[in-house]
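> So here's input05.tsv, just TSV, C-alpha atoms:
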```tsv
chain	number	residue	atom	x	y	z
K	778	MET	CA	66.85	21.93	0.56
K	779	PRO	CA	65.94	18.71	-1.24
K	780	SER	CA	65.83	18.82	-5.03
K	781	PRO	CA	62.42	18.97	-6.73
K	782	SER	CA	62.81	15.37	-7.92
K	783	THR	CA	63.69	14.21	-4.40
K	784	ILE	CA	60.69	16.03	-2.95
K	785	ALA	CA	58.44	14.44	-5.57
K	786	ALA	CA	59.75	10.94	-4.80
K	787	TYR	CA	59.24	11.33	-1.05
K	788	ARG	CA	55.87	12.98	-1.54
K	789	GLN	CA	54.66	9.97	-3.54
K	790	VAL	CA	55.38	7.62	-0.65
K	791	GLN	CA	54.05	9.98	2.01
K	792	GLU	CA	50.85	10.72	0.12
K	793	ALA	CA	50.20	6.99	-0.23
K	794	ALA	CA	50.44	6.62	3.56
K	795	LYS	CA	48.13	9.58	4.10
K	796	ALA	CA	45.61	8.12	1.65
K	797	VAL	CA	45.61	4.79	3.49
K	798	LEU	CA	45.02	6.53	6.81
K	799	ARG	CA	42.21	8.64	5.34
K	800	ASP	CA	40.51	5.50	4.02
K	801	LEU	CA	41.06	3.63	7.27
K	802	GLY	CA	38.61	5.86	9.10
K	803	SER	CA	35.71	4.34	7.19
K	804	LYS	CA	36.98	0.76	7.66
K	805	ILE	CA	37.42	0.43	11.43
K	806	GLY	CA	34.53	-1.36	13.09
K	807	PRO	CA	33.77	-2.73	16.56
K	808	GLU	CA	35.04	-6.23	15.71
K	809	ASP	CA	38.40	-5.00	14.43
K	810	THR	CA	41.62	-5.60	16.35
K	811	GLU	CA	45.17	-4.34	16.15
K	812	GLN	CA	45.87	-7.40	14.01
K	813	SER	CA	43.09	-6.80	11.51
K	814	ILE	CA	43.76	-3.06	11.25
K	815	ALA	CA	47.51	-3.61	10.73
K	816	ALA	CA	46.82	-6.27	8.08
K	817	TRP	CA	44.35	-4.03	6.24
K	818	ALA	CA	46.75	-1.07	6.27
K	819	ALA	CA	49.64	-3.18	4.96
K	820	GLN	CA	47.44	-4.57	2.16
K	821	ALA	CA	46.20	-1.09	1.28
K	822	MET	CA	49.81	0.09	0.98
K	823	ARG	CA	50.61	-2.85	-1.30
K	824	GLU	CA	47.66	-1.92	-3.50
K	825	ARG	CA	49.30	1.49	-3.90
K	826	GLY	CA	52.55	-0.11	-4.98
K	827	ILE	CA	54.34	0.05	-1.64
K	828	GLY	CA	55.09	-3.39	-0.25
K	829	ASP	CA	58.11	-2.62	1.90
K	830	THR	CA	58.82	-0.88	5.20
K	831	TRP	CA	61.94	0.60	6.75
K	832	TYR	CA	60.80	-0.12	10.32
K	833	HIS	CA	61.80	-3.62	11.48
K	834	ASP	CA	59.37	-5.43	9.16
K	835	CYS	CA	56.54	-3.48	10.81
K	836	PRO	CA	54.66	-1.54	8.10
K	837	ALA	CA	51.79	-0.59	10.43
K	838	LEU	CA	52.14	-0.18	14.20
K	839	VAL	CA	48.60	-0.18	15.60
K	840	LEU	CA	47.73	0.36	19.26
K	841	LEU	CA	44.27	0.58	20.77
K	842	GLY	CA	42.78	1.32	24.16
K	843	SER	CA	45.23	1.39	27.07
K	844	ARG	CA	47.92	0.11	24.68
K	845	THR	CA	47.97	3.56	23.07
K	846	CYS	CA	50.07	4.58	26.08
K	847	GLU	CA	52.75	2.03	25.21
K	848	SER	CA	55.83	3.26	23.41
K	849	VAL	CA	57.28	0.22	21.72
K	850	SER	CA	59.88	-0.37	19.03
K	851	GLY	CA	58.73	-2.04	15.84
K	852	ARG	CA	61.35	-4.67	16.58
K	853	HIS	CA	59.30	-5.90	19.53
K	854	TYR	CA	55.78	-4.97	18.45
K	855	ARG	CA	53.14	-7.69	18.23
K	856	PRO	CA	49.57	-6.66	17.33
K	857	ALA	CA	46.96	-7.72	19.88
K	858	THR	CA	43.53	-9.29	19.34
K	859	GLU	CA	41.38	-7.19	21.68
K	860	PRO	CA	38.39	-5.81	19.70
K	861	VAL	CA	37.84	-2.11	19.21
K	862	GLY	CA	34.34	-2.29	20.67
K	863	GLU	CA	31.79	0.51	20.88
K	864	SER	CA	34.13	3.25	22.13
K	865	ASN	CA	37.91	3.45	21.88
K	866	VAL	CA	41.04	5.26	20.74
K	867	VAL	CA	43.33	3.79	18.08
K	868	THR	CA	46.72	5.06	16.92
K	869	VAL	CA	48.14	3.89	13.59
K	870	ASP	CA	51.74	4.61	12.54
K	871	LEU	CA	52.78	3.71	8.96
K	872	SER	CA	56.40	3.45	7.79
K	873	PRO	CA	56.34	2.69	4.04
K	874	ARG	CA	59.40	2.47	1.81
K	875	ILE	CA	60.16	2.33	-1.89
K	876	GLU	CA	63.85	1.39	-2.22
K	877	ASN	CA	65.64	4.17	-0.27
K	878	ILE	CA	62.64	6.51	-0.13
K	879	TRP	CA	60.89	6.55	3.25
K	880	GLY	CA	57.50	7.73	4.41
K	881	ASP	CA	56.33	8.13	8.00
K	882	CYS	CA	52.80	9.05	9.01
K	883	ALA	CA	50.68	8.52	12.11
K	884	ARG	CA	47.13	9.40	13.05
K	885	THR	CA	44.80	8.88	16.01
K	886	PHE	CA	41.26	7.59	15.46
K	887	PHE	CA	38.41	8.14	17.90
K	888	ILE	CA	35.63	5.54	17.95
K	889	GLU	CA	32.22	6.41	19.38
K	890	GLN	CA	29.09	4.31	18.99
K	891	GLU	CA	31.05	1.77	16.93
K	892	ARG	CA	32.31	4.18	14.29
K	893	VAL	CA	35.19	6.59	13.77
K	894	VAL	CA	34.18	10.20	14.39
K	895	ALA	CA	35.85	13.32	13.01
K	896	ARG	CA	35.72	14.97	16.42
K	897	PRO	CA	35.27	13.12	19.71
K	898	THR	CA	32.66	14.23	22.21
K	899	ALA	CA	34.78	13.11	25.18
K	900	LEU	CA	36.42	16.27	26.53
K	901	GLU	CA	39.78	14.56	27.25
K	902	HIS	CA	40.03	13.29	23.67
K	903	ALA	CA	38.87	16.56	22.10
K	904	ARG	CA	41.36	18.54	24.17
K	905	ALA	CA	44.23	16.27	23.10
K	906	MET	CA	43.16	16.46	19.46
K	907	ASP	CA	43.11	20.27	19.58
K	908	PHE	CA	46.42	20.42	21.42
K	909	LEU	CA	48.24	18.30	18.82
K	910	SER	CA	46.78	20.36	15.98
K	911	ASN	CA	47.84	23.60	17.65
K	912	LEU	CA	51.25	22.17	18.58
K	913	HIS	CA	52.01	21.27	14.97
K	914	ALA	CA	50.95	24.73	13.80
K	915	ALA	CA	53.06	26.43	16.48
K	916	MET	CA	56.04	24.23	15.65
K	917	ARG	CA	55.94	25.41	12.03
K	918	ARG	CA	56.09	29.01	13.25
K	919	PHE	CA	58.88	28.27	15.75
K	920	VAL	CA	61.49	26.43	13.69
K	921	ARG	CA	64.11	27.83	11.34
K	922	THR	CA	66.85	26.09	9.38
K	923	THR	CA	69.23	26.99	12.23
K	924	THR	CA	66.98	25.57	14.96
K	925	THR	CA	68.75	22.61	16.52
K	926	PHE	CA	67.17	19.26	17.20
K	927	HIS	CA	67.68	19.99	20.90
K	928	ASP	CA	65.96	23.38	20.60
K	929	LEU	CA	62.88	21.81	19.04
K	930	TRP	CA	62.87	19.03	21.66
K	931	ALA	CA	63.15	21.52	24.55
K	932	TRP	CA	60.47	23.78	23.09
K	933	SER	CA	58.15	20.79	22.56
K	934	GLU	CA	58.69	19.48	26.08
K	935	GLN	CA	57.82	22.89	27.49
K	936	GLN	CA	54.66	23.15	25.39
K	937	ILE	CA	53.58	19.60	26.26
K	938	SER	CA	54.19	20.01	30.00
K	939	ALA	CA	52.62	23.47	30.25
K	940	ALA	CA	49.41	22.13	28.68
K	941	GLY	CA	49.19	19.29	31.22
K	942	PHE	CA	50.40	16.49	28.95
K	943	GLU	CA	53.43	14.22	29.02
K	944	ASN	CA	55.70	12.82	26.32
K	945	LEU	CA	55.54	9.01	26.26
K	946	ASP	CA	58.22	8.19	23.69
K	947	PHE	CA	60.47	5.45	25.06
K	948	LEU	CA	63.55	7.31	23.79
K	949	GLY	CA	62.24	10.69	24.93
K	950	ASN	CA	62.25	12.23	21.46
K	951	VAL	CA	59.52	13.94	19.42
K	952	GLY	CA	60.67	13.00	15.92
K	953	HIS	CA	63.65	12.18	13.74
K	954	SER	CA	65.26	12.73	10.38
K	955	LEU	CA	64.54	10.41	7.48
K	956	ALA	CA	67.51	8.39	6.30
K	957	THR	CA	68.41	5.33	4.23
K	958	ARG	CA	69.40	3.28	7.30
K	959	ARG	CA	67.56	3.22	10.62
K	960	GLU	CA	70.80	3.72	12.54
K	961	ASP	CA	71.53	6.95	10.65
K	962	ARG	CA	68.45	8.78	11.91
K	963	ARG	CA	69.02	11.95	13.91
K	964	TYR	CA	66.54	12.33	16.73
K	965	ILE	CA	64.76	15.43	17.98
K	966	GLU	CA	66.08	14.88	21.47
K	967	LYS	CA	67.96	16.45	24.33
K	968	ALA	CA	71.57	17.52	23.61
K	969	ASN	CA	71.43	16.95	19.84
K	970	SER	CA	73.15	20.07	18.47
K	971	SER	CA	72.56	19.25	14.79
K	972	MET	CA	70.48	21.86	12.97
K	973	LEU	CA	67.21	20.94	11.30
K	974	GLY	CA	68.46	22.55	8.08
K	975	GLU	CA	71.24	19.96	7.89
K	976	VAL	CA	68.79	17.17	6.99
K	977	GLU	CA	66.51	16.93	3.97
K	978	PHE	CA	63.42	15.67	5.80
K	979	PHE	CA	62.37	15.20	9.40
K	980	THR	CA	59.29	13.91	11.19
K	981	TYR	CA	57.44	15.59	14.03
K	982	GLU	CA	55.46	13.08	16.11
K	983	PRO	CA	54.93	13.84	19.80
K	984	HIS	CA	53.33	10.83	21.51
K	985	ILE	CA	51.34	12.34	24.37
K	986	ARG	CA	48.76	11.67	27.03
K	987	THR	CA	47.08	13.79	29.65
K	988	ARG	CA	49.38	13.61	32.65
K	989	GLY	CA	48.43	10.40	34.47
K	990	GLY	CA	45.73	9.58	31.91
K	991	SER	CA	44.71	6.27	30.37
K	992	TRP	CA	44.75	7.22	26.68
K	993	ALA	CA	47.52	8.44	24.39
K	994	TYR	CA	47.53	10.30	21.10
K	995	LYS	CA	49.83	10.83	18.14
K	996	HIS	CA	49.84	12.87	14.95
K	997	GLU	CA	52.86	12.64	12.64
K	998	ASP	CA	53.88	14.40	9.44
K	999	VAL	CA	57.13	14.84	7.50
K	1000	PHE	CA	58.64	18.30	6.93
K	1001	PHE	CA	61.33	19.96	4.82
K	1002	PHE	CA	62.66	23.47	4.18
K	1003	ASP	CA	62.08	25.02	0.76
K	1004	GLU	CA	64.48	27.25	-1.16
K	1005	ARG	CA	63.42	30.26	0.93
K	1006	GLY	CA	64.06	28.41	4.17
K	1007	SER	CA	60.35	28.10	4.92
K	1008	LEU	CA	59.13	24.91	6.53
K	1009	GLN	CA	56.81	22.81	4.36
K	1010	VAL	CA	54.82	19.67	5.11
K	1011	LEU	CA	55.42	16.78	2.75
```
Translate the structure of the given file into C-alpha coordinates.


Amino acid sequence: MPSPSTIAAYRQVQEAAKAVLRDLGSKIGPEDTEQSIAAWAAQAMRERGIGDTWYHDCPALVLLGSRTCESVSGRHYRPATEPVGESNVVTVDLSPRIENIWGDCARTFFIEQERVVARPTALEHARAMDFLSNLHAAMRRFVRTTTTFHDLWAWSEQQISAAGFENLDFLGNVGHSLATRREDRRYIEKANSSMLGEVEFFTYEPHIRTRGGSWAYKHEDVFFFDERGSLQVL
(Lines of atoms letter the chains of each structure in order from A and count residues from 1; the text may use other names and numbers.)
(Lines give C-alpha, C1' and ligand atoms only; values in the text may rest on other atoms or scores of the structure.)
Protein backbone atom coordinates (compact mmCIF):
# COMPACT_ATOMS: atom_id res chain seq x y z
CA MET A 1 0.00 0.00 0.00
CA PRO A 2 1.15 3.60 -0.39
CA SER A 3 2.73 5.24 2.64
CA PRO A 4 0.62 7.70 4.66
CA SER A 5 2.70 10.61 3.34
CA THR A 6 2.22 9.44 -0.25
CA ILE A 7 -1.52 9.08 0.25
CA ALA A 8 -1.66 12.59 1.73
CA ALA A 9 0.25 14.07 -1.21
CA TYR A 10 -2.00 12.42 -3.80
CA ARG A 11 -5.12 13.24 -1.82
CA GLN A 12 -4.20 16.94 -1.87
CA VAL A 13 -4.12 16.99 -5.66
CA GLN A 14 -7.21 14.82 -6.07
CA GLU A 15 -9.26 16.83 -3.58
CA ALA A 16 -8.38 20.02 -5.45
CA ALA A 17 -9.76 18.50 -8.66
CA LYS A 18 -12.92 17.36 -6.88
CA ALA A 19 -13.41 20.83 -5.41
CA VAL A 20 -13.11 22.43 -8.85
CA LEU A 21 -15.68 20.03 -10.27
CA ARG A 22 -18.05 20.65 -7.35
CA ASP A 23 -17.80 24.41 -7.92
CA LEU A 24 -18.19 24.03 -11.68
CA GLY A 25 -21.79 22.93 -11.31
CA SER A 26 -22.81 26.42 -10.23
CA LYS A 27 -20.76 28.12 -12.98
CA ILE A 28 -22.00 26.46 -16.19
CA GLY A 29 -24.54 28.57 -18.05
CA PRO A 30 -26.26 28.44 -21.44
CA GLU A 31 -23.65 30.66 -23.11
CA ASP A 32 -20.71 28.55 -21.97
CA THR A 33 -18.72 26.42 -24.41
CA GLU A 34 -16.11 23.70 -24.12
CA GLN A 35 -13.54 26.47 -24.43
CA SER A 36 -14.91 28.62 -21.63
CA ILE A 37 -15.50 25.68 -19.29
CA ALA A 38 -11.98 24.30 -19.89
CA ALA A 39 -10.46 27.75 -19.31
CA TRP A 40 -12.43 28.26 -16.09
CA ALA A 41 -11.45 24.83 -14.75
CA ALA A 42 -7.76 25.39 -15.52
CA GLN A 43 -7.84 28.80 -13.80
CA ALA A 44 -9.65 27.33 -10.79
CA MET A 45 -6.93 24.68 -10.49
CA ARG A 46 -4.24 27.39 -10.63
CA GLU A 47 -6.00 29.25 -7.84
CA ARG A 48 -5.62 26.09 -5.76
CA GLY A 49 -1.90 25.98 -6.46
CA ILE A 50 -1.99 23.45 -9.29
CA GLY A 51 -0.84 24.92 -12.58
CA ASP A 52 0.43 21.80 -14.31
CA THR A 53 -1.05 18.72 -15.96
CA TRP A 54 0.33 15.30 -16.82
CA TYR A 55 -1.99 14.85 -19.83
CA HIS A 56 -0.51 16.34 -23.03
CA ASP A 57 -0.86 19.97 -21.88
CA CYS A 58 -4.60 19.35 -21.48
CA PRO A 59 -5.58 20.14 -17.86
CA ALA A 60 -9.32 19.96 -18.59
CA LEU A 61 -10.87 17.83 -21.33
CA VAL A 62 -14.43 19.10 -21.78
CA LEU A 63 -16.99 17.58 -24.15
CA LEU A 64 -20.61 18.60 -24.57
CA GLY A 65 -23.61 17.37 -26.50
CA SER A 66 -22.92 14.73 -29.15
CA ARG A 67 -19.20 15.27 -28.55
CA THR A 68 -19.58 13.45 -25.22
CA CYS A 69 -19.55 10.27 -27.31
CA GLU A 70 -16.08 11.07 -28.65
CA SER A 71 -13.14 9.32 -27.06
CA VAL A 72 -10.15 11.49 -27.85
CA SER A 73 -6.59 11.71 -26.58
CA GLY A 74 -5.55 14.93 -24.90
CA ARG A 75 -2.82 15.10 -27.53
CA HIS A 76 -5.44 15.79 -30.20
CA TYR A 77 -8.17 17.47 -28.17
CA ARG A 78 -9.34 20.95 -29.18
CA PRO A 79 -12.23 22.51 -27.22
CA ALA A 80 -15.18 23.54 -29.38
CA THR A 81 -17.25 26.74 -29.30
CA GLU A 82 -20.79 25.35 -29.46
CA PRO A 83 -22.83 26.82 -26.56
CA VAL A 84 -24.30 24.66 -23.84
CA GLY A 85 -27.79 26.02 -24.46
CA GLU A 86 -30.94 25.26 -22.48
CA SER A 87 -30.49 21.48 -22.20
CA ASN A 88 -27.33 19.43 -22.57
CA VAL A 89 -24.84 16.95 -21.15
CA VAL A 90 -21.24 17.96 -20.38
CA THR A 91 -18.34 15.74 -19.32
CA VAL A 92 -15.27 17.29 -17.69
CA ASP A 93 -12.07 15.32 -17.08
CA LEU A 94 -9.29 16.97 -15.03
CA SER A 95 -5.68 15.75 -14.92
CA PRO A 96 -3.78 17.97 -12.45
CA ARG A 97 -0.17 17.48 -11.41
CA ILE A 98 2.17 18.80 -8.75
CA GLU A 99 5.68 17.65 -9.72
CA ASN A 100 5.35 13.84 -9.87
CA ILE A 101 2.02 13.68 -8.03
CA TRP A 102 -0.97 13.11 -10.32
CA GLY A 103 -4.68 13.55 -9.90
CA ASP A 104 -7.41 12.31 -12.24
CA CYS A 105 -11.09 13.09 -11.84
CA ALA A 106 -14.07 13.24 -14.20
CA ARG A 107 -17.72 14.09 -13.76
CA THR A 108 -20.81 14.41 -15.95
CA PHE A 109 -23.04 17.47 -15.68
CA PHE A 110 -26.69 17.53 -16.73
CA ILE A 111 -28.14 20.86 -17.84
CA GLU A 112 -31.89 21.43 -17.83
CA GLN A 113 -33.60 24.79 -18.23
CA GLU A 114 -30.19 26.48 -18.52
CA ARG A 115 -28.77 25.22 -15.24
CA VAL A 116 -26.97 22.18 -13.89
CA VAL A 117 -29.29 19.84 -12.01
CA ALA A 118 -28.34 17.30 -9.35
CA ARG A 119 -30.55 14.68 -10.97
CA PRO A 120 -31.78 14.81 -14.57
CA THR A 121 -35.44 14.31 -15.37
CA ALA A 122 -34.65 12.67 -18.73
CA LEU A 123 -34.96 8.93 -18.17
CA GLU A 124 -31.95 8.05 -20.36
CA HIS A 125 -29.69 10.40 -18.39
CA ALA A 126 -31.05 9.35 -14.99
CA ARG A 127 -30.59 5.68 -15.84
CA ALA A 128 -26.97 6.26 -16.89
CA MET A 129 -26.27 8.30 -13.76
CA ASP A 130 -27.65 5.52 -11.55
CA PHE A 131 -25.79 2.83 -13.47
CA LEU A 132 -22.41 4.53 -13.06
CA SER A 133 -23.02 5.07 -9.35
CA ASN A 134 -23.99 1.43 -8.88
CA LEU A 135 -21.11 0.23 -11.07
CA HIS A 136 -18.54 2.07 -8.95
CA ALA A 137 -20.05 0.65 -5.76
CA ALA A 138 -20.10 -2.88 -7.18
CA MET A 139 -16.52 -2.52 -8.40
CA ARG A 140 -15.37 -1.74 -4.86
CA ARG A 141 -17.00 -4.95 -3.66
CA PHE A 142 -15.58 -7.00 -6.54
CA VAL A 143 -11.87 -6.16 -6.53
CA ARG A 144 -9.12 -7.53 -4.32
CA THR A 145 -5.38 -6.89 -4.34
CA THR A 146 -5.01 -10.06 -6.43
CA THR A 147 -7.62 -9.03 -9.01
CA THR A 148 -5.86 -8.52 -12.33
CA PHE A 149 -6.35 -5.55 -14.59
CA HIS A 150 -7.85 -7.99 -17.12
CA ASP A 151 -10.27 -9.39 -14.53
CA LEU A 152 -11.59 -5.92 -13.72
CA TRP A 153 -11.84 -5.06 -17.43
CA ALA A 154 -13.75 -8.27 -18.22
CA TRP A 155 -16.07 -7.84 -15.24
CA SER A 156 -16.74 -4.21 -16.22
CA GLU A 157 -17.44 -5.09 -19.84
CA GLN A 158 -19.94 -7.71 -18.72
CA GLN A 159 -21.70 -5.28 -16.38
CA ILE A 160 -21.79 -2.53 -19.00
CA SER A 161 -23.10 -4.79 -21.77
CA ALA A 162 -25.68 -6.56 -19.59
CA ALA A 163 -27.17 -3.19 -18.62
CA GLY A 164 -27.55 -2.14 -22.26
CA PHE A 165 -24.59 0.24 -22.41
CA GLU A 166 -21.34 0.23 -24.37
CA ASN A 167 -17.78 1.21 -23.52
CA LEU A 168 -16.60 4.08 -25.75
CA ASP A 169 -12.96 4.36 -24.73
CA PHE A 170 -10.79 4.54 -27.85
CA LEU A 171 -8.30 2.11 -26.29
CA GLY A 172 -11.03 -0.14 -24.90
CA ASN A 173 -9.97 0.27 -21.28
CA VAL A 174 -11.88 1.39 -18.17
CA GLY A 175 -9.04 2.99 -16.22
CA HIS A 176 -5.31 2.96 -15.56
CA SER A 177 -2.65 3.17 -12.90
CA LEU A 178 -1.15 6.51 -11.92
CA ALA A 179 2.51 6.90 -12.76
CA THR A 180 5.21 9.53 -13.16
CA ARG A 181 5.34 9.14 -16.96
CA ARG A 182 2.34 8.70 -19.25
CA GLU A 183 3.99 5.77 -21.01
CA ASP A 184 4.35 3.88 -17.72
CA ARG A 185 0.63 3.65 -17.05
CA ARG A 186 -0.88 0.17 -16.79
CA TYR A 187 -4.33 -0.01 -18.31
CA ILE A 188 -7.40 -1.84 -17.09
CA GLU A 189 -7.70 -3.69 -20.36
CA LYS A 190 -7.97 -7.09 -21.97
CA ALA A 191 -5.02 -9.47 -21.40
CA ASN A 192 -3.25 -7.33 -18.80
CA SER A 193 -2.26 -9.89 -16.16
CA SER A 194 -0.80 -7.37 -13.69
CA MET A 195 -2.58 -7.35 -10.33
CA LEU A 196 -4.22 -4.20 -9.00
CA GLY A 197 -2.27 -4.62 -5.76
CA GLU A 198 0.98 -4.15 -7.66
CA VAL A 199 0.30 -0.43 -8.21
CA GLU A 200 -0.14 2.29 -5.61
CA PHE A 201 -3.10 4.05 -7.24
CA PHE A 202 -5.43 3.37 -10.13
CA THR A 203 -8.35 5.15 -11.76
CA TYR A 204 -11.72 3.68 -12.62
CA GLU A 205 -13.46 5.63 -15.40
CA PRO A 206 -15.81 3.75 -17.70
CA HIS A 207 -16.90 6.03 -20.57
CA ILE A 208 -20.35 4.74 -21.52
CA ARG A 209 -23.45 5.44 -23.54
CA THR A 210 -26.73 3.65 -23.98
CA ARG A 211 -26.13 1.23 -26.84
CA GLY A 212 -26.65 3.26 -30.02
CA GLY A 213 -27.45 6.42 -28.04
CA SER A 214 -26.48 10.03 -28.67
CA TRP A 215 -25.11 10.94 -25.24
CA ALA A 216 -22.19 9.59 -23.21
CA TYR A 217 -21.33 9.69 -19.53
CA LYS A 218 -18.27 9.37 -17.33
CA HIS A 219 -17.50 9.30 -13.62
CA GLU A 220 -13.89 8.87 -12.50
CA ASP A 221 -12.20 8.46 -9.14
CA VAL A 222 -8.78 7.26 -7.94
CA PHE A 223 -8.44 4.20 -5.68
CA PHE A 224 -5.83 2.49 -3.52
CA PHE A 225 -5.62 -0.47 -1.14
CA ASP A 226 -5.08 0.22 2.57
CA GLU A 227 -2.97 -1.83 4.97
CA ARG A 228 -5.81 -4.35 5.36
CA GLY A 229 -6.12 -4.79 1.61
CA SER A 230 -9.42 -2.91 1.50
CA LEU A 231 -10.08 -0.66 -1.47
CA GLN A 232 -10.31 3.05 -0.63
CA VAL A 233 -11.24 6.05 -2.75
CA LEU A 234 -8.70 8.86 -2.78

> Would you compute the distance between atom CA of K:Phe978 and atom CA of K:Ala819? Give it in Å to one decimal.

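Atom-to-atom, atom CA of K:Phe978 and atom CA of K:Ala819 are spaced 23.4 Å apart.
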
> Here is a test: counting all atoms listed in the file, which residue of K:Ala895, K:Val999, K:His927, K:Thr987 is nearest to K:Tyr964?

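Residue with the minimum atom-to-atom distance to K:Tyr964: K:His927.
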
> Give me the residues of stretch 989-1009 of chain K that have any atom at most 12 Å from an atom of stretch 834-854 of chain K; for each, the nearest atom pair and the distance in Å, rounded to one decimal. Use all atoms listed in the file, sort by chain and number, and format it as CSV.


```
residue,atom,partner,partner_atom,distance
K:Gly989,CA,K:Cys846,CA,10.3
K:Gly990,CA,K:Cys846,CA,8.8
K:Ser991,CA,K:Ser843,CA,5.9
K:Trp992,CA,K:Ser843,CA,5.9
K:Ala993,CA,K:Cys846,CA,4.9
K:Tyr994,CA,K:Thr845,CA,7.0
K:Lys995,CA,K:Thr845,CA,9.0
```

> Report the distance between atom CA of K:Ala786 and atom CA of K:Glu977 in Å, rounded to one decimal place.

12.6 Å

> What is the atom CA of K:His984 to atom CA of K:Val867 distance in Å?

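Distance between the two atoms: 12.7 Å.
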
> Calculated over all atoms listed in the file, which of the candidates K:Met916, K:Arg825, K:Asn944, K:Thr925 has the smallest distance to K:Ala796?

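Going through K:Met916, K:Arg825, K:Asn944, K:Thr925 one by one, the smallest distance to K:Ala796 is for K:Arg825.
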
> Residues at most 10 Å from K:Ala821, counting only C-alpha atoms, excluding those fewer than 3 positions away in the same chain, as a PyMOL selection string?

chain K and resi 793-794+796-798+800-801+815-818+824-828

> For the selection just defined, write its residues with C-alpha atoms to a file, as a CSV table (one decimal), in the frame of the given file.


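Dumped to part06.csv:
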```csv
chain,number,residue,atom,x,y,z
K,793,ALA,CA,50.2,7.0,-0.2
K,794,ALA,CA,50.4,6.6,3.6
K,796,ALA,CA,45.6,8.1,1.6
K,797,VAL,CA,45.6,4.8,3.5
K,798,LEU,CA,45.0,6.5,6.8
K,800,ASP,CA,40.5,5.5,4.0
K,801,LEU,CA,41.1,3.6,7.3
K,815,ALA,CA,47.5,-3.6,10.7
K,816,ALA,CA,46.8,-6.3,8.1
K,817,TRP,CA,44.4,-4.0,6.2
K,818,ALA,CA,46.8,-1.1,6.3
K,824,GLU,CA,47.7,-1.9,-3.5
K,825,ARG,CA,49.3,1.5,-3.9
K,826,GLY,CA,52.6,-0.1,-5.0
K,827,ILE,CA,54.3,0.0,-1.6
K,828,GLY,CA,55.1,-3.4,-0.2
```

> I'd like the box whose edges run along x, y and z of the file and which contains every listed atom of stretch 792-802 of chain K, padded by 8 Å per side; could you state its centre and edge lengths in Å, one decimal, as AutoDock Vina command-line options?


```
--center_x 44.7 --center_y 7.2 --center_z 4.4 --size_x 28.2 --size_y 23.1 --size_z 25.3
```

> Which protein, DNA or RNA residues have an atom at most 12 Å from (72.4, 10.9, 6.5), counting all atoms listed in the file? List them as a PyMOL selection string.

chain K and resi 877+953-964+971+975-979

> Please list as a list in words every residue within 7 Å of K:Asp1003, counting all atoms listed in the file and excluding residues in the same chain fewer than 5 positions away.

Met778, Leu1008 and Gln1009 of chain K

> Counting all atoms listed in the file, what is within 10 Å of K:Gln936, bar same-chain residues fewer than 6 positions away, as number ranges by chain?

K: 908, 912, 915-916, 930, 942-943

> Restricting the calculation to all atoms listed in the file: of K:Ala905, K:Met822, K:Val893, K:Val869, which residue gets closest to K:Gly806?

K:Val893

> If we count all atoms listed in the file, what is near K:Asp998 at a cut-off of 6 Å, once residues fewer than 2 positions away on the same chain are taken out, given as a list of chain:residue names?

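That gives K:Cys882, K:Thr980, K:Tyr981.
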
> So that I can check the surroundings of stretch 898-900 of chain K, please list as a count of residues only every protein, DNA and RNA residue that reaches within 12 Å of it, counting all atoms listed in the file and ignoring chain neighbours fewer than 2 positions away.

20

> Using only C-alpha atoms, pick whichever of K:Lys804, K:Lys967, K:His996, K:Arg921 has the shortest atom-to-atom distance to K:Glu891.

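Checking each candidate against K:Glu891, we get K:Lys804 as the closest.
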
> Which is closer to K:Phe1001 than all the others in K:Arg788, K:Leu909, K:Thr810, K:Glu966, using all atoms listed in the file?

K:Arg788

> Point out the residue among K:Gln789, K:Leu945, K:Ala857, K:Gly952 with the least atom-to-atom distance to K:Trp879, counting only C-alpha atoms.

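For K:Trp879, the nearest of the candidates is K:Gln789.
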